[in-house]
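Participant: Coordinates in protein27.cif, mmCIF, C-alpha atoms and all ligand atoms, are listed below.
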data_entry
#
loop_
_atom_site.label_atom_id
_atom_site.label_comp_id
_atom_site.auth_asym_id
_atom_site.auth_seq_id
_atom_site.Cartn_x
_atom_site.Cartn_y
_atom_site.Cartn_z
CA MET A 1 -29.75 -15.84 -27.53
CA GLY A 2 -30.41 -12.32 -26.12
CA THR A 3 -27.75 -10.60 -23.96
CA ALA A 4 -30.13 -10.55 -20.96
CA ARG A 5 -30.74 -14.32 -21.24
CA LEU A 6 -27.03 -15.04 -21.58
CA GLN A 7 -26.32 -12.86 -18.52
CA ASN A 8 -28.95 -14.74 -16.52
CA LEU A 9 -27.45 -18.04 -17.57
CA LEU A 10 -23.98 -16.95 -16.48
CA LYS A 11 -25.14 -15.25 -13.27
CA LYS A 12 -23.17 -16.69 -10.37
CA LYS A 13 -24.72 -17.62 -7.04
CA TRP A 14 -22.79 -16.50 -3.96
CA THR A 15 -22.74 -18.71 -0.89
CA GLU A 16 -22.00 -17.45 2.63
CA GLN A 17 -18.65 -19.19 2.33
CA ASP A 18 -17.87 -17.29 -0.92
CA VAL A 19 -18.61 -14.01 0.86
CA LEU A 20 -16.44 -14.98 3.82
CA ASN A 21 -13.58 -16.08 1.55
CA MET A 22 -13.60 -12.99 -0.65
CA VAL A 23 -14.89 -10.16 1.56
CA GLY A 24 -14.45 -11.36 5.14
CA LYS A 25 -16.53 -9.73 7.85
CA TYR A 26 -18.60 -6.68 6.94
CA GLU A 27 -21.45 -4.60 8.37
CA GLN A 28 -23.11 -2.48 5.68
CA THR A 29 -23.07 -2.33 1.88
CA TYR A 30 -24.15 0.51 -0.42
CA LEU A 31 -23.91 2.04 -3.85
CA GLY A 32 -22.86 5.64 -3.49
CA VAL A 33 -21.77 8.78 -5.20
CA ALA A 34 -20.19 12.10 -4.11
CA LYS A 35 -22.73 14.92 -3.86
CA ASN A 36 -20.29 17.65 -4.84
CA ASP A 37 -20.19 17.65 -8.68
CA ARG A 38 -16.55 18.66 -8.82
CA ILE A 39 -15.56 15.65 -6.72
CA ARG A 40 -17.96 13.29 -8.50
CA LEU A 41 -16.89 14.26 -12.03
CA GLY A 42 -13.17 14.06 -11.20
CA GLY A 43 -13.45 10.64 -9.55
CA ALA A 44 -12.17 7.31 -10.80
CA SER A 45 -15.70 6.09 -10.05
CA GLY A 46 -18.23 8.20 -8.13
CA GLY A 47 -15.70 10.22 -6.10
CA VAL A 48 -16.81 8.70 -2.79
CA ALA A 49 -13.25 8.07 -1.57
CA THR A 50 -12.45 11.77 -1.93
CA ALA A 51 -15.82 12.90 -0.55
CA ILE A 52 -15.34 10.88 2.66
CA LEU A 53 -11.86 12.35 3.14
CA ALA A 54 -13.19 15.87 2.49
CA PHE A 55 -15.88 15.31 5.11
CA ALA A 56 -13.35 14.04 7.66
CA LEU A 57 -10.94 16.95 7.03
CA GLU A 58 -13.60 19.64 7.06
CA HIS A 59 -15.17 18.28 10.27
CA GLY A 60 -11.89 18.01 12.16
CA LEU A 61 -11.91 14.20 12.40
CA ILE A 62 -8.47 14.15 10.79
CA ASP A 63 -5.65 16.64 10.17
CA GLY A 64 -4.47 15.00 6.97
CA ALA A 65 -5.26 12.26 4.44
CA LEU A 66 -2.55 10.05 3.02
CA VAL A 67 -3.32 9.75 -0.70
CA CYS A 68 -1.52 9.05 -3.97
CA ARG A 69 -1.15 11.13 -7.15
CA SER A 70 0.44 10.65 -10.57
CA ARG A 71 3.58 12.58 -11.48
CA VAL A 72 5.38 12.86 -14.77
CA PHE A 73 9.18 12.69 -14.74
CA ASP A 74 11.50 13.84 -17.56
CA GLY A 75 8.53 14.56 -19.83
CA GLN A 76 7.96 10.84 -20.33
CA ARG A 77 7.60 8.62 -17.26
CA VAL A 78 4.28 8.42 -15.36
CA ARG A 79 4.94 7.41 -11.78
CA THR A 80 3.08 7.72 -8.47
CA GLU A 81 3.77 9.69 -5.33
CA PHE A 82 2.15 9.46 -1.89
CA TYR A 83 1.51 12.71 -0.05
CA ILE A 84 -0.60 14.06 2.79
CA ALA A 85 -3.52 16.26 1.71
CA ARG A 86 -4.80 18.82 4.21
CA ASN A 87 -7.67 20.40 2.26
CA LEU A 88 -10.06 19.77 -0.61
CA GLU A 89 -7.85 21.32 -3.30
CA GLN A 90 -4.98 19.04 -2.32
CA LEU A 91 -7.32 16.04 -2.19
CA LEU A 92 -8.58 16.64 -5.72
CA LEU A 93 -5.04 16.11 -7.06
CA SER A 94 -5.24 12.48 -5.93
CA GLN A 95 -8.40 11.55 -7.84
CA ASP A 96 -8.18 8.80 -10.49
CA SER A 97 -6.93 5.21 -10.14
CA LYS A 98 -3.21 4.81 -10.68
CA TYR A 99 -2.86 1.48 -12.45
CA VAL A 100 0.87 1.51 -11.97
CA GLN A 101 3.18 0.27 -9.24
CA THR A 102 3.39 2.42 -6.11
CA ARG A 103 5.95 2.52 -3.31
CA PHE A 104 3.83 2.29 -0.19
CA VAL A 105 6.46 0.97 2.21
CA PRO A 106 9.29 3.43 1.50
CA GLU A 107 7.11 6.48 0.79
CA ALA A 108 3.83 6.22 2.67
CA LEU A 109 5.10 4.69 5.91
CA ARG A 110 7.78 7.40 6.11
CA LEU A 111 5.15 10.10 5.66
CA ILE A 112 2.99 8.54 8.38
CA ASP A 113 5.96 8.35 10.77
CA GLY A 114 6.81 12.00 10.17
CA PHE A 115 3.26 13.36 10.52
CA ASP A 116 2.17 14.98 13.74
CA GLY A 117 -1.63 14.69 13.88
CA LYS A 118 -4.60 12.47 13.02
CA LEU A 119 -4.59 10.70 9.67
CA ALA A 120 -6.79 8.76 7.28
CA VAL A 121 -5.07 6.45 4.82
CA VAL A 122 -6.28 5.33 1.37
CA GLY A 123 -4.52 2.28 0.00
CA LEU A 124 -4.63 -0.92 -1.97
CA PRO A 125 -5.54 -4.03 0.05
CA CYS A 126 -1.91 -5.25 0.28
CA ASP A 127 -0.74 -1.84 1.52
CA LEU A 128 -3.39 -1.76 4.24
CA THR A 129 -2.26 -5.20 5.39
CA VAL A 130 1.27 -3.83 5.76
CA LEU A 131 -0.14 -0.83 7.63
CA LYS A 132 -2.19 -3.05 9.95
CA LYS A 133 0.94 -4.99 10.93
CA ARG A 134 2.69 -1.69 11.60
CA ILE A 135 -0.24 -0.46 13.72
CA GLN A 136 -0.18 -3.67 15.74
CA ARG A 137 3.46 -3.27 16.72
CA ASP A 138 3.77 0.53 16.94
CA PRO A 139 1.42 2.35 19.36
CA GLN A 140 2.48 5.77 18.02
CA VAL A 141 1.32 4.85 14.52
CA ALA A 142 -1.84 3.25 15.97
CA ALA A 143 -2.70 6.51 17.74
CA LYS A 144 -2.43 8.52 14.51
CA ILE A 145 -4.60 6.44 12.17
CA VAL A 146 -8.26 7.38 12.54
CA PHE A 147 -9.56 5.25 9.64
CA THR A 148 -8.52 3.51 6.44
CA ILE A 149 -10.16 3.28 3.02
CA GLY A 150 -9.21 0.26 0.90
CA LEU A 151 -9.69 0.26 -2.87
CA PHE A 152 -11.06 -2.90 -4.46
CA CYS A 153 -8.13 -4.26 -6.43
CA GLY A 154 -7.88 -6.75 -9.31
CA HIS A 155 -4.12 -6.35 -9.68
CA ASN A 156 -1.57 -3.66 -10.39
CA THR A 157 0.93 -3.22 -13.20
CA GLN A 158 4.65 -2.61 -13.62
CA PRO A 159 5.79 0.73 -15.11
CA GLU A 160 6.97 -0.89 -18.38
CA LEU A 161 3.38 -0.95 -19.65
CA ILE A 162 2.60 2.72 -19.14
CA ASP A 163 6.04 3.64 -20.55
CA SER A 164 5.28 1.73 -23.76
CA ILE A 165 1.79 3.23 -24.02
CA ILE A 166 3.18 6.76 -23.63
CA GLN A 167 5.70 6.02 -26.40
CA LYS A 168 2.81 5.01 -28.67
CA LEU A 169 0.83 8.16 -27.80
CA ARG A 170 3.70 10.64 -28.16
CA PRO A 171 2.90 12.89 -31.17
CA ASN A 172 6.59 13.29 -32.06
CA ALA A 173 10.00 12.45 -30.62
CA ASN A 174 10.41 15.87 -28.94
CA SER A 175 6.96 16.05 -27.28
CA ASN A 176 7.06 16.29 -23.53
CA LEU A 177 4.36 14.56 -21.51
CA THR A 178 3.04 17.01 -18.90
CA ASN A 179 0.01 15.22 -17.42
CA TYR A 180 -1.66 11.80 -17.56
CA ARG A 181 -5.02 10.53 -16.26
CA PHE A 182 -5.60 6.78 -16.33
CA ARG A 183 -9.41 6.78 -16.27
CA ILE A 184 -12.07 9.43 -16.08
CA GLY A 185 -15.65 9.68 -17.32
CA LEU A 186 -18.63 7.33 -17.23
CA TRP A 187 -18.62 3.50 -17.36
CA ARG A 188 -15.16 2.24 -18.49
CA GLY A 189 -14.16 5.85 -19.18
CA TYR A 190 -11.22 7.30 -21.08
CA SER A 191 -7.61 8.29 -20.45
CA LEU A 192 -6.05 11.69 -21.10
CA ALA A 193 -2.43 12.40 -22.01
CA ARG A 194 -1.30 16.03 -22.28
CA PHE A 195 1.88 16.74 -24.22
CA ASP A 196 3.54 20.15 -23.80
CA GLU A 197 1.02 22.98 -23.41
CA ASP A 198 -1.48 22.25 -26.08
CA THR A 199 -1.73 18.65 -27.28
CA VAL A 200 -4.27 16.52 -25.46
CA ILE A 201 -4.69 12.93 -26.57
CA GLU A 202 -7.84 11.20 -25.40
CA LYS A 203 -8.22 7.43 -25.71
CA GLN A 204 -10.76 4.95 -24.41
CA SER A 205 -9.36 3.57 -21.17
CA ALA A 206 -9.25 0.22 -22.99
CA TYR A 207 -6.19 1.53 -24.87
CA TYR A 208 -4.15 0.79 -21.73
CA ASN A 209 -6.50 -1.63 -20.00
CA LEU A 210 -6.54 -4.11 -22.90
CA TYR A 211 -3.00 -5.09 -21.87
CA GLN A 212 -3.63 -4.58 -18.18
CA ASN A 213 -6.77 -6.76 -18.13
CA LEU A 214 -4.79 -9.55 -19.75
CA TYR A 215 -2.24 -9.34 -16.92
CA PHE A 216 0.62 -8.27 -19.21
CA PHE A 217 3.27 -6.64 -16.98
CA CYS A 218 1.29 -7.52 -13.84
CA GLN A 219 3.25 -6.97 -10.63
CA LYS A 220 4.64 -10.26 -9.37
CA LYS A 221 3.17 -9.82 -5.86
CA CYS A 222 -0.35 -9.76 -7.37
CA LEU A 223 0.00 -13.36 -8.55
CA TYR A 224 0.26 -14.41 -4.89
CA CYS A 225 -2.54 -12.16 -3.63
CA HIS A 226 -6.11 -13.15 -2.75
CA ASP A 227 -7.36 -9.87 -1.25
CA HIS A 228 -9.76 -8.15 -3.67
CA PHE A 229 -11.95 -6.29 -1.16
CA ALA A 230 -9.40 -5.07 1.40
CA PHE A 231 -9.83 -7.39 4.39
CA ASN A 232 -8.02 -4.89 6.62
CA ALA A 233 -9.79 -1.63 5.69
CA ASP A 234 -12.50 0.14 7.68
CA ILE A 235 -14.28 0.91 4.41
CA ALA A 236 -13.68 -0.75 1.05
CA ILE A 237 -14.58 1.15 -2.13
CA GLY A 238 -14.71 0.09 -5.77
CA ASP A 239 -16.55 0.29 -9.05
CA ILE A 240 -19.69 -1.56 -10.01
CA TRP A 241 -19.47 -3.33 -13.35
CA SER A 242 -23.10 -4.46 -13.68
CA TYR A 243 -24.53 -4.04 -17.18
CA HIS A 244 -27.82 -2.55 -16.02
CA LEU A 245 -25.77 0.48 -14.84
CA LYS A 246 -23.84 0.84 -18.11
CA ASN A 247 -26.02 3.57 -19.61
CA THR A 248 -26.75 5.56 -16.47
CA ASN A 249 -25.43 9.11 -16.44
CA ILE A 250 -23.86 8.69 -13.01
CA LYS A 251 -20.98 6.38 -12.18
CA TYR A 252 -21.50 4.71 -8.83
CA ASN A 253 -19.07 3.42 -6.25
CA CYS A 254 -19.66 0.21 -4.31
CA LEU A 255 -19.06 0.61 -0.60
CA ILE A 256 -18.48 -2.07 2.01
CA CYS A 257 -18.26 -0.96 5.64
CA LYS A 258 -16.06 -3.56 7.28
CA ASN A 259 -16.65 -2.62 10.89
CA GLU A 260 -18.44 -0.21 13.23
CA ARG A 261 -15.92 2.56 12.63
CA GLY A 262 -16.51 2.35 8.87
CA SER A 263 -20.31 2.23 9.25
CA GLU A 264 -20.37 5.27 11.53
CA LEU A 265 -18.14 7.27 9.23
CA ILE A 266 -20.27 6.51 6.17
CA SER A 267 -23.49 7.46 7.89
CA SER A 268 -21.93 10.70 9.24
CA ALA A 269 -20.62 11.66 5.76
CA HIS A 270 -24.09 10.92 4.40
CA ASP A 271 -25.90 12.92 7.10
CA ALA A 272 -23.54 15.87 6.53
CA GLY A 273 -24.48 15.87 2.79
CA TYR A 274 -21.15 14.72 1.34
CA ILE A 275 -22.32 11.45 -0.22
CA LYS A 276 -25.55 10.03 -1.58
CA LEU A 277 -26.21 6.39 -0.70
CA ASN A 278 -28.49 3.72 -2.16
CA PRO A 279 -28.92 0.41 -0.38
CA ALA A 280 -27.21 -2.55 -2.03
CA THR A 281 -26.73 -6.16 -1.02
CA ILE A 282 -23.37 -7.89 -0.85
CA GLU A 283 -24.63 -10.14 -3.68
CA GLU A 284 -25.15 -7.10 -5.95
CA ILE A 285 -21.63 -5.94 -5.16
CA LEU A 286 -20.20 -9.38 -5.92
CA ASP A 287 -22.27 -9.49 -9.15
CA GLY A 288 -20.47 -6.30 -10.17
CA GLN A 289 -17.08 -8.03 -9.65
CA ALA A 290 -18.24 -11.49 -10.72
CA ARG A 291 -15.25 -12.21 -12.94
CA GLY A 292 -12.28 -10.48 -11.33
CA ALA A 293 -12.92 -11.18 -7.66
CA PRO A 294 -13.21 -15.01 -7.80
CA THR A 295 -10.16 -15.20 -10.10
CA HIS A 296 -8.19 -13.02 -7.70
CA ASN A 297 -9.22 -15.05 -4.68
CA ASN A 298 -8.50 -18.44 -6.26
CA THR A 299 -4.96 -19.20 -5.10
CA SER A 300 -5.56 -22.91 -5.72
CA ALA A 301 -5.91 -22.34 -9.49
CA LYS A 302 -2.96 -19.91 -9.56
CA SER A 303 -0.82 -22.32 -7.57
CA GLN A 304 -1.53 -25.23 -9.93
CA ALA A 305 -0.96 -23.18 -13.08
CA ALA A 306 2.22 -21.61 -11.69
CA ALA A 307 3.71 -25.06 -11.03
CA ARG A 308 3.59 -25.65 -14.81
CA PHE A 309 5.87 -22.64 -15.24
CA GLY A 310 8.25 -23.73 -12.47
CA MET A 311 6.89 -21.08 -10.09
CA ASN A 312 5.76 -21.66 -6.53
CA ILE A 313 2.56 -19.85 -5.54
CA PRO A 314 1.32 -21.09 -2.15
CA ASP A 315 -2.22 -22.47 -2.21
CA ARG A 316 -4.01 -20.81 0.71
CA HIS A 317 -7.34 -22.51 0.21
CA ASN A 318 -6.87 -26.03 -1.21
CA ARG A 319 -10.03 -25.79 -3.28
CA LYS A 320 -11.08 -28.06 -6.12
CA VAL A 321 -10.11 -26.27 -9.34
CA LYS A 322 -12.48 -26.39 -12.32
CA TRP A 323 -10.97 -26.66 -15.84
CA HIS A 324 -11.92 -23.08 -16.80
CA GLN A 325 -10.50 -21.68 -13.56
CA TYR A 326 -7.26 -23.47 -14.36
CA MET A 327 -7.26 -22.02 -17.90
CA VAL A 328 -7.78 -18.48 -16.55
CA ALA A 329 -4.91 -18.90 -14.10
CA TRP A 330 -2.74 -20.43 -16.84
CA ILE A 331 -3.31 -17.39 -19.10
CA ILE A 332 -2.46 -15.03 -16.23
CA ILE A 333 0.82 -16.79 -15.44
CA PHE A 334 1.69 -17.23 -19.12
CA ASN A 335 1.12 -13.53 -19.90
CA TYR A 336 3.05 -12.48 -16.81
CA ASN A 337 6.01 -14.66 -17.84
CA TRP A 338 5.86 -13.44 -21.43
CA SER A 339 6.00 -9.82 -20.21
CA MET A 340 9.04 -10.61 -18.05
CA ASN A 341 10.94 -12.23 -20.89
CA LYS A 342 13.41 -9.55 -22.03
CA LYS A 343 13.90 -11.29 -25.40
CA TYR A 344 10.24 -11.57 -26.42
CA SER A 345 8.22 -9.01 -24.43
CA TRP A 346 8.41 -6.43 -27.27
CA LEU A 347 6.28 -8.81 -29.36
CA ILE A 348 3.29 -8.07 -27.10
CA PHE A 349 3.02 -4.60 -28.63
CA LYS A 350 3.25 -5.99 -32.17
CA ILE A 351 0.06 -8.05 -31.78
CA PRO A 352 -2.79 -6.32 -33.67
CA ARG A 353 -5.32 -4.95 -31.20
CA LYS A 354 -8.15 -6.92 -32.79
CA PHE A 355 -6.36 -10.17 -31.84
CA LEU A 356 -5.76 -8.90 -28.32
CA LYS A 357 -9.45 -8.02 -28.06
CA ALA A 358 -10.39 -11.55 -29.15
CA TYR A 359 -7.92 -12.92 -26.57
CA LEU A 360 -9.57 -10.77 -23.88
CA VAL A 361 -13.05 -11.96 -24.90
CA LEU A 362 -11.84 -15.54 -24.53
CA PHE A 363 -10.27 -14.75 -21.15
CA LYS A 364 -13.38 -12.96 -19.83
CA GLY A 365 -15.60 -15.74 -21.24
CA LEU A 366 -13.64 -18.35 -19.26
CA GLU A 367 -13.83 -16.15 -16.15
CA SER A 368 -17.61 -15.89 -16.56
CA LEU A 369 -18.19 -19.66 -16.41
CA LYS A 370 -19.66 -20.99 -13.19
C1 LIG A 401 -4.46 -0.72 -9.15
C2 LIG A 401 -5.94 -0.58 -8.96
C3 LIG A 401 -6.77 -1.67 -9.24
C4 LIG A 401 -8.16 -1.55 -9.05
N1 LIG A 401 -8.96 -2.64 -9.33
C5 LIG A 401 -10.30 -2.54 -9.13
C6 LIG A 401 -11.15 -3.64 -9.40
O1 LIG A 401 -10.70 -4.73 -9.81
N2 LIG A 401 -12.49 -3.49 -9.20
C7 LIG A 401 -13.01 -2.31 -8.74
O2 LIG A 401 -14.22 -2.21 -8.57
N3 LIG A 401 -12.22 -1.26 -8.44
C8 LIG A 401 -10.88 -1.34 -8.64
N4 LIG A 401 -10.08 -0.27 -8.32
C9 LIG A 401 -10.68 0.88 -7.57
C10 LIG A 401 -11.39 1.87 -8.42
O3 LIG A 401 -10.71 2.02 -9.65
C11 LIG A 401 -11.49 3.25 -7.73
O4 LIG A 401 -10.23 3.63 -7.28
C12 LIG A 401 -12.39 3.25 -6.55
O5 LIG A 401 -13.68 2.88 -6.98
C13 LIG A 401 -12.45 4.65 -5.89
O6 LIG A 401 -13.07 5.53 -6.78
P1 LIG A 401 -13.45 7.01 -6.32
O7 LIG A 401 -14.08 7.71 -7.49
O8 LIG A 401 -14.23 6.95 -5.05
O9 LIG A 401 -12.02 7.60 -6.02
P2 LIG A 401 -11.42 9.06 -6.28
O10 LIG A 401 -12.26 10.09 -5.65
O11 LIG A 401 -11.05 9.20 -7.71
O12 LIG A 401 -10.08 8.95 -5.42
C14 LIG A 401 -9.12 7.98 -5.76
C15 LIG A 401 -8.40 7.61 -4.48
O13 LIG A 401 -7.64 6.44 -4.70
C16 LIG A 401 -6.31 6.65 -4.29
N5 LIG A 401 -5.45 5.87 -5.21
C17 LIG A 401 -5.54 5.80 -6.56
N6 LIG A 401 -4.66 4.92 -7.05
C18 LIG A 401 -3.99 4.45 -5.98
C19 LIG A 401 -2.93 3.51 -5.85
N7 LIG A 401 -2.41 2.88 -6.92
N8 LIG A 401 -2.49 3.22 -4.60
C20 LIG A 401 -3.04 3.85 -3.51
N9 LIG A 401 -4.04 4.74 -3.59
C21 LIG A 401 -4.49 5.03 -4.82
C22 LIG A 401 -6.07 8.14 -4.36
O14 LIG A 401 -5.11 8.52 -3.42
C23 LIG A 401 -7.45 8.69 -4.02
O15 LIG A 401 -7.58 8.84 -2.63
C24 LIG A 401 -8.70 -0.34 -8.56
C25 LIG A 401 -7.86 0.75 -8.28
C26 LIG A 401 -6.50 0.64 -8.47
C27 LIG A 401 -5.61 1.83 -8.16
S1 LIG A 402 -3.64 -7.53 -6.33
FE1 LIG A 402 -3.10 -7.65 -4.21
S2 LIG A 402 -0.88 -7.43 -4.20
FE2 LIG A 402 -1.59 -6.71 -6.18
S3 LIG A 402 -1.80 -4.51 -5.89
FE3 LIG A 402 -3.81 -5.45 -5.53
S4 LIG A 402 -3.90 -5.79 -3.34
FE4 LIG A 402 -1.76 -5.41 -3.87
#
Take the structure in this file and express it as structure tokens.
Ligand SMILES: Cc1cc2nc3c(=O)[nH]c(=O)nc-3n(C[C@H](O)[C@H](O)[C@H](O)COP(=O)(O)OP(=O)(O)OC[C@H]3O[C@@H](n4cnc5c(N)ncnc54)[C@H](O)[C@@H]3O)c2cc1C
Ligand code: SF4
Facilitator:
Amino acid sequence: MGTARLQNLLKKKWTEQDVLNMVGKYEQTYLGVAKNDRIRLGGASGGVATAILAFALEHGLIDGALVCRSRVFDGQRVRTEFYIARNLEQLLLSQDSKYVQTRFVPEALRLIDGFDGKLAVVGLPCDLTVLKKRIQRDPQVAAKIVFTIGLFCGHNTQPELIDSIIQKLRPNANSNLTNYRFRIGLWRGYSLARFDEDTVIEKQSAYYNLYQNLYFFCQKKCLYCHDHFAFNADIAIGDIWSYHLKNTNIKYNCLICKNERGSELISSAHDAGYIKLNPATIEEILDGQARGAPTHNNTSAKSQAAARFGMNIPDRHNRKVKWHQYMVAWIIIFNYNWSMNKKYSWLIFKIPRKFLKAYLVLFKGLESLK
């Protein structure tokens, strides 16, 4: 059977209820890309998050943008750091997706409290929910936040995974890691690790994401989460994983404007020449997240599978769970628990990659079923 026929067979149909459950209310949807080549080429996807912030800073809508960059500590540990960017050069340092635990509450909220001026905030869906609660009870914070950009989010990962990957990449015991990029380039992209001045190791992003996509070392909070498209953002931005875009020479972002504020901002950034937009339907956007988003949103399956492992994940939706949805959730909880087991977690890195790839194909295959 041809790939196109198989894809058609597996193509999911999205009901209004699916959209409401996964996305919530929204106004406009687009595919987009940053017009400035420097921003576009440095982006995790099409650079639209950075382009919108650049537009807002350069047009005086905001005085600063709260963003997140990677930092290397002790020549070996890749961690994240929130900071407030005030110009394009500072914004560019935040490009790339950091697939490693962040510290939004202690770091970002403190920066927001201490900032005197108008702010935009980029964050993961869970972080923007925390921020929304803060805005609701603190008028000073409410007055500062002009808009928020939420990143689509499958899940995030504990630092143990990146630490082990860096160990594998290190050319020799004395090499010092000086810079790390999780994912750049077209389609799935590649990662870059720089050791000392002169050694740059480039790997397909799958080198890290093979473990990440199987939920090894997933953060515990992500098992409980159902927010893939940032319910509480003004604009939600993500990738588009549709195969017809695989061989294009531009990587697009998906954009969902969640409210009037988000819609106005997107059209102003477009009119000012910062982003290029193509119309897209919400169905196209969901097609591009057809595996990860329903899995993420399905707390019923996660709740049932977790019970088998003696864990309690509240079921927010009380949906009927199909056998393959249960299997997907079971694998997620099993792999999470395996990673957390101090005695056996090292075995994960002893599994030959070809077996892990087969495991991922099985996992994705189950996720693809309707
Ligand atoms: C943990 C994680 C999981 C993701 N899962 C998905 C997914 O399942 N599907 C999907 O389509 N997209 C996902 N994304 C989003 C996607 O990878 C891109 O970040 C998004 O498309 C924006 O791309 P861009 O080129 O416009 O951003 P860029 O111009 O490269 O800018 C990146 C922006 O993201 C911010 N940022 C990066 N990492 C973090 C972080 N960990 N916490 C807070 N802010 C951060 C930076 O501050 C910067 O403002 C995920 C991102 C992360 C960090
Ligand atoms: S999956 Fe949910 S809890 Fe986990 S990082 Fe993403 S938004 Fe936050």
Participant: Can you pull out every residue within 8 Å of range 285-295 of chain A, counting only C-alpha atoms, but drop anything in the same chain fewer than 5 positions away, and send it as a list in words?
Facilitator: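 Neighbouring residues, sequence-local ones excluded: Lys11, Lys12, Trp14, Met22, Gly154, His228, Asp239, Ile240, Trp241, Ser242, Cys254, Ala280, Gln325, Val328, Ala329, Lys364, Glu367 and Ser368 of chain A.
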Participant: Residues at most 7 Å from range 94-105 of chain A, counting all atoms listed in the file, excluding those fewer than 3 positions away in the same chain, as an MDAnalysis selection string?
Facilitator: chainID A and resid 42:44 67:70 80 91 108:109 127 156:159 181:184
Participant: Please dump the current selection as a PDB file, in the coordinates of the input; keep C-alpha atoms.
Facilitator:
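Final output, saved to part10.pdb:
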ATOM      1  CA  GLY A  42     -13.170  14.060 -11.200  1.00  0.00           C
ATOM      2  CA  GLY A  43     -13.450  10.640  -9.550  1.00  0.00           C
ATOM      3  CA  ALA A  44     -12.170   7.310 -10.800  1.00  0.00           C
ATOM      4  CA  VAL A  67      -3.320   9.750  -0.700  1.00  0.00           C
ATOM      5  CA  CYS A  68      -1.520   9.050  -3.970  1.00  0.00           C
ATOM      6  CA  ARG A  69      -1.150  11.130  -7.150  1.00  0.00           C
ATOM      7  CA  SER A  70       0.440  10.650 -10.570  1.00  0.00           C
ATOM      8  CA  THR A  80       3.080   7.720  -8.470  1.00  0.00           C
ATOM      9  CA  LEU A  91      -7.320  16.040  -2.190  1.00  0.00           C
ATOM     10  CA  ALA A 108       3.830   6.220   2.670  1.00  0.00           C
ATOM     11  CA  LEU A 109       5.100   4.690   5.910  1.00  0.00           C
ATOM     12  CA  ASP A 127      -0.740  -1.840   1.520  1.00  0.00           C
ATOM     13  CA  ASN A 156      -1.570  -3.660 -10.390  1.00  0.00           C
ATOM     14  CA  THR A 157       0.930  -3.220 -13.200  1.00  0.00           C
ATOM     15  CA  GLN A 158       4.650  -2.610 -13.620  1.00  0.00           C
ATOM     16  CA  PRO A 159       5.790   0.730 -15.110  1.00  0.00           C
ATOM     17  CA  ARG A 181      -5.020  10.530 -16.260  1.00  0.00           C
ATOM     18  CA  PHE A 182      -5.600   6.780 -16.330  1.00  0.00           C
ATOM     19  CA  ARG A 183      -9.410   6.780 -16.270  1.00  0.00           C
ATOM     20  CA  ILE A 184     -12.070   9.430 -16.080  1.00  0.00           C
TER      21      ILE A 184
END
Participant: Check every protein, DNA and RNA residue against ligand LIG 402 (chain A), keep those with an atom at most 8 Å away (counting only C-alpha atoms and all ligand atoms), and present them as a count of residues only.
Facilitator: 23
Participant: So that I can see what lies close to Met327 in chain A, please list as a PyMOL selection string the residues with an atom at most 10 Å from it, counting all atoms listed in the file and leaving out residues fewer than 4 positions away in the same chain.
Facilitator: chain A and resi 301-302+305+321-323+331-333+363+366-367
Participant: Print the selection's residues with C-alpha atoms to a file, as a compact mmCIF listing (two decimals), in the frame of the given file.
Facilitator:
# COMPACT_ATOMS: atom_id res chain seq x y z
CA ALA A 301 -5.91 -22.34 -9.49
CA LYS A 302 -2.96 -19.91 -9.56
CA ALA A 305 -0.96 -23.18 -13.08
CA VAL A 321 -10.11 -26.27 -9.34
CA LYS A 322 -12.48 -26.39 -12.32
CA TRP A 323 -10.97 -26.66 -15.84
CA ILE A 331 -3.31 -17.39 -19.10
CA ILE A 332 -2.46 -15.03 -16.23
CA ILE A 333 0.82 -16.79 -15.44
CA PHE A 363 -10.27 -14.75 -21.15
CA LEU A 366 -13.64 -18.35 -19.26
CA GLU A 367 -13.83 -16.15 -16.15
Participant: Would you mind reading off the distance between atom N7 of ligand LIG 401 (chain A) and CA of Ile112 in chain A, one decimal, in Å?
Facilitator: 17.2 Å
Participant: Around (-5.5, -10.2, -25.6) in the file's frame, which residues reach within 9 Å when counting all atoms listed in the file? Return as a list in words?
Facilitator: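 Residues with an atom close enough to that point: Leu210, Tyr211, Asn213, Leu214, Ile351, Arg353, Lys354, Phe355, Leu356, Lys357, Ala358, Tyr359, Leu360, Val361, Leu362 and Phe363 of chain A.
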Participant: Fewer than 6 positions away in the same chain doesn't count, so skip those; otherwise give me all residues within 8 Å of Ile256 in chain A, counting only C-alpha atoms, as a PyMOL selection string.
Facilitator: chain A and resi 26-30+235-237
Participant: Which polymer residues have any atom within 9 Å of an atom of range 163-166 of chain A, counting all atoms listed in the file, with same-chain residues fewer than 5 positions away left out, as an NGL selection string?
Facilitator: :A and (76-78 or 177 or 193 or 207-208 or 349)
Participant: Limited to C-alpha atoms, could you put the picked residues into a file as a tab-separated table (two decimals), in the coordinates of the input?
Facilitator:
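Full text of out_4.tsv as output:
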chain	number	residue	atom	x	y	z
A	76	GLN	CA	7.96	10.84	-20.33
A	77	ARG	CA	7.60	8.62	-17.26
A	78	VAL	CA	4.28	8.42	-15.36
A	177	LEU	CA	4.36	14.56	-21.51
A	193	ALA	CA	-2.43	12.40	-22.01
A	207	TYR	CA	-6.19	1.53	-24.87
A	208	TYR	CA	-4.15	0.79	-21.73
A	349	PHE	CA	3.02	-4.60	-28.63
Participant: Work out how far CA of Ile250 in chain A is from CA of Gly47 in chain A, in Å to one decimal.
Facilitator: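 CA of Ile250 in chain A lies at a distance of 10.8 Å from CA of Gly47 in chain A.
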